[in-house]
Amino acid sequence: MTKVAVIFADGCEEVEALTQIDVFRRLGIQADMVGLDATDVMSAHQVALKMDKVADDSLLDYDAVIFPGGMGGAKRLKESSKMKDIMLKRQAAGKWDCAMCAAPTALAAYGVLDDADYTVYPGMDDQTQADAKNGRFHEDITVVDNEKHVITSRGPATALAFAYKIAETLGVDTADLKKGMLYDYLKKNIQFS
């Protein structure tokens, strides 16, 4: 069974984090809410969130580990030596590491975005590029680097596109859910990819 983990740190952007959990659970994928340091997390907009578990080496067994953005959450992820160790081990094992909004800065600081194609929240590309050795920034809504097993996205409004892209990359059919959630309707009537 496909399983993913979304890492919640204090100050995370709840739209980005909970959209991932919602989409994956609707798709029948095991989607665990994982606290960076605790099972109680306070989001960027003061929403109290209860986690399923706390981050540990069991994250090595997940098909994808996802970092939502939010400046405070991204900063905490970036400073976490525990997550750096886990994400580098995951990358070495060919597992998918995913981040959106400000959180690609954490992957860049870890070295995960070295030589990778990626995107990040507007205005953070210079900072991320400084840490991502030979990384290639793109302005696309979502960017998949199949060689490095990295998926990145831009910000809160791209959360659904990010969730679907991760699911599809993991081989999950999203067509019915996109239709049911009116994603296809939105995509048809508002220009974005």
# chains A, B, ... in the order shown; residues from 1 in each chain; ligands from 1
$ closest_atom_pairs --of "region 36-125 of chain A" --to "region 143-165 of chain A" --cutoff "12 Å" --atoms "only C-alpha atoms" --output "CSV"
residue,atom,partner,partner_atom,distance
A:Asp63,CA,A:His149,CA,10.5
A:Ala64,CA,A:His149,CA,9.3
A:Val65,CA,A:Val150,CA,10.0
A:Ile66,CA,A:Ile151,CA,8.9
A:Phe67,CA,A:Thr152,CA,9.3
A:Pro68,CA,A:Ala159,CA,8.9
A:Gly69,CA,A:Gly155,CA,7.4
A:Gly70,CA,A:Gly155,CA,8.9
A:Met71,CA,A:Gly155,CA,11.1
A:Met87,CA,A:Val150,CA,10.7
A:Leu88,CA,A:Lys148,CA,11.0
A:Arg90,CA,A:His149,CA,9.4
A:Gln91,CA,A:His149,CA,7.0
A:Ala92,CA,A:Lys148,CA,9.1
A:Ala93,CA,A:His149,CA,9.8
A:Gly94,CA,A:His149,CA,6.4
A:Lys95,CA,A:His149,CA,6.3
A:Trp96,CA,A:His149,CA,4.7
A:Asp97,CA,A:Val150,CA,5.0
A:Cys98,CA,A:Ile151,CA,4.7
A:Ala99,CA,A:Thr152,CA,5.0
A:Met100,CA,A:Ser153,CA,4.4
A:Cys101,CA,A:Gly155,CA,4.2
A:Ala102,CA,A:Gly155,CA,7.7
A:Ala103,CA,A:Thr152,CA,8.8
A:Pro104,CA,A:Thr152,CA,6.8
A:Thr105,CA,A:Thr152,CA,10.5
A:Ala106,CA,A:Thr152,CA,11.6
A:Leu107,CA,A:Val150,CA,9.3
A:Ala108,CA,A:Val150,CA,11.0
A:Gly111,CA,A:Lys148,CA,11.1
A:Val112,CA,A:Lys148,CA,7.9
A:Leu113,CA,A:Val150,CA,7.7
A:Asp114,CA,A:Lys148,CA,8.8
A:Asp115,CA,A:Lys148,CA,8.1
A:Ala116,CA,A:Lys148,CA,6.3
A:Asp117,CA,A:Asp145,CA,5.5
A:Tyr118,CA,A:Val143,CA,5.5
A:Thr119,CA,A:Thr152,CA,5.6
A:Val120,CA,A:Arg154,CA,4.9
A:Tyr121,CA,A:Arg154,CA,4.6
A:Pro122,CA,A:Arg154,CA,7.1
A:Gly123,CA,A:Arg154,CA,10.5
A:Met124,CA,A:Arg154,CA,10.0
A:Asp125,CA,A:Arg154,CA,10.4
$ select_by_dssp --residues "chain A" --states "helix (DSSP H, G or I)" --output "MDAnalysis selection string"
chainID A and resid 14:26 57:61 71:78 81:92 104:110 125:131 156:169 175:180 183:189
$ residues_around --residues "Ala38 (chain A)" --least-positions-apart "4" --cutoff "9 Å" --atoms "only C-alpha atoms" --output "list in words"
Ala9, Val34, Met51, Lys53, Val54 and Ala55 of chain A
$ residues_around --residues "Arg76 (chain A)" --least-positions-apart "4" --cutoff "8 Å" --atoms "only C-alpha atoms" --output "MDAnalysis selection string"
chainID A and resid 9:10 72 80
$ write_last_selection --atoms "N, CA, C and O atoms" --output "mmCIF file, in the first residue's frame"
data_model
loop_
_atom_site.group_PDB
_atom_site.id
_atom_site.type_symbol
_atom_site.label_atom_id
_atom_site.label_comp_id
_atom_site.auth_asym_id
_atom_site.auth_seq_id
_atom_site.Cartn_x
_atom_site.Cartn_y
_atom_site.Cartn_z
ATOM 1 N N ALA A 9 5.405 21.232 11.405
ATOM 2 C CA ALA A 9 6.225 21.931 12.402
ATOM 3 C C ALA A 9 5.453 23.169 12.835
ATOM 4 O O ALA A 9 4.656 23.713 12.063
ATOM 5 N N ASP A 10 5.672 23.621 14.065
ATOM 6 C CA ASP A 10 5.023 24.854 14.504
ATOM 7 C C ASP A 10 5.282 25.948 13.476
ATOM 8 O O ASP A 10 6.413 26.122 13.015
ATOM 9 N N GLY A 72 7.538 30.007 9.458
ATOM 10 C CA GLY A 72 7.982 29.448 10.729
ATOM 11 C C GLY A 72 8.239 27.956 10.640
ATOM 12 O O GLY A 72 9.244 27.450 11.147
ATOM 13 N N SER A 80 16.401 21.507 11.481
ATOM 14 C CA SER A 80 16.295 20.191 12.115
ATOM 15 C C SER A 80 17.359 19.225 11.579
ATOM 16 O O SER A 80 17.264 18.748 10.441
#
$ closest_residue --among "A:Ala167, A:Ala44, A:Lys89, A:Asp131" --to "Ala31 (chain A)" --atoms "only C-alpha atoms"
A:Ala167
$ closest_residue --among "A:Cys12, A:Val41, A:Ala5, A:Leu186" --to "Arg25 (chain A)" --atoms "only C-alpha atoms"
A:Ala5
$ atom_distance --atom1 "CA of Val4 (chain A)" --atom2 "CA of Tyr62 (chain A)"
5.5 Å
$ closest_residue --among "A:Leu36, A:Leu177, A:Ile141, A:Leu18" --to "Lys75 (chain A)" --atoms "only C-alpha atoms"
A:Leu36
